[in-house]
There are 2 protein chains.
Amino acid sequence: MDAAAADDRLDRAFMALADPVRRGIVARLSRGPATVTELAEPFDITTQGVSKHIQVLESAGLVTRSRDAQRRPVHLDAAALETLTEWIDRYRLIHEQRFRRLDALLASADGGDAAASAGQD
Amino acid sequence: MDAAAADDRLDRAFMALADPVRRGIVARLSRGPATVTELAEPFDITTQGVSKHIQVLESAGLVTRSRDAQRRPVHLDAAALETLTEWIDRYRLIHEQRFRRLDALLASADGGDAAASAGQD
DNA sequence: CGCTTTATCAACTAGATGGTTGTAAACGTA
DNA sequence: TACGTTTACAACCATCTAGTTGATAAAGCG
């Protein structure tokens, strides 16, 4: 997978979670597969609307659909969720390590004004 | 913070990360604060465009802006990133625990066909 | 005081998104 | 066969988004 494709995958996955209905669907699916009508039940929108939300989640790779007669049960793909936490945690940790270095510098230098220039990395 | 406000905060934060330019800004800010022109430099869009991206990140609580003469350095807020990983991990872990229970059931029952009905939870 | 740099605000456009209704396909059952 | 259930697809609409250009404000510098 090249960088552009990975970008696109992240775009869609984050976008998919930027909607309370779709997050509700993910939350429900974490407890096991469900059909479209089951997933639509808690929300005040049509099953067609929910079907479109599921398509968004599917194109983001967050869920998959199987087949059981005329039903199409939806399953959560936890690996895709992990990709998101990996992206976030990468930069969160870089940020925190930078803070720890800054703290160490402050502790050793003991000069308050030295922190301002150190902030430039 | 009530549920609707928390929902709105999550909406904005996930939405903010659903764009490669804004993720690039977050990645850059993990290495330290930067000005708007510095942040705009790697991208092929105007500083006005980048300024709007920063407003999106700010309204999502992911970054803050301070003041240094006519410059307005942007800082990353790692705590907001943590809120996102917490949301994702919550349902990822529920999903994985369910899988572990299913595995245990399969191991004790030893019946291949039993798995299909067990899948319904 | 002008000039430059840095950044924001306002207005606009093309395109995407979230919802609807209507139609139709696939499947099990009477 | 006919019927009900479940789901998808197409067309449509209101709203939002991402980018642009142009004007403006704030601060430093000649």
# chains A, B, ... in the order shown; residues from 1 in each chain; ligands from 1
>>> closest_atom_pairs(of="stretch 1-76 of chain A", to="stretch 3-26 of chain D", cutoff="10 Å", atoms="only C-alpha atoms (C1' of nucleotides)", output="CSV")
residue,atom,partner,partner_atom,distance
A:Thr35,CA,D:DT6,C1',9.0
A:Val36,CA,D:DT7,C1',7.8
A:Thr37,CA,D:DT6,C1',7.8
A:Thr47,CA,D:DT7,C1',8.6
A:Gln48,CA,D:DA8,C1',8.1
A:Ser51,CA,D:DA8,C1',8.0
A:Lys52,CA,D:DA8,C1',9.4
A:Ala69,CA,D:DT6,C1',9.4
A:Gln70,CA,D:DT6,C1',5.9
A:Arg71,CA,D:DT6,C1',5.9
A:Arg72,CA,D:DT7,C1',7.6
>>> select_by_dssp(residues="chain B", states="alpha helix (DSSP H)", output="PyMOL selection string")
chain B and resi 3-17+20-29+36-40+47-59+78-109+114-118
>>> interface_residues(of="chain C", to="chain B", cutoff="10 Å", atoms="only C-alpha atoms (C1' of nucleotides)", output="list in words")
DT5, DT6, DA7, DT8 and DC9 of chain C
>>> residues_around(residues="A:Glu41", least_positions_apart="3", cutoff="12 Å", atoms="only C-alpha atoms (C1' of nucleotides)", output="JSON, numbers by chain")
{"A": [21, 24, 25, 28, 34, 35, 36, 37, 38, 44, 45, 46, 47, 49, 50]}
>>> atom_distance(atom1="atom C1' of C:DA24", atom2="atom C1' of D:DA2")
16.5 Å
>>> closest_residue(among="B:Arg65, B:Tyr91, B:Thr83, B:Ala3", to="chain A", atoms="only C-alpha atoms")
B:Tyr91
>>> interface_residues(of="chain B", to="chain A", cutoff="9 Å", atoms="only C-alpha atoms", output="number ranges by chain")
B: 7-8, 10-20, 26-34, 76-79, 81-82, 84-86, 88-96, 98, 119-121
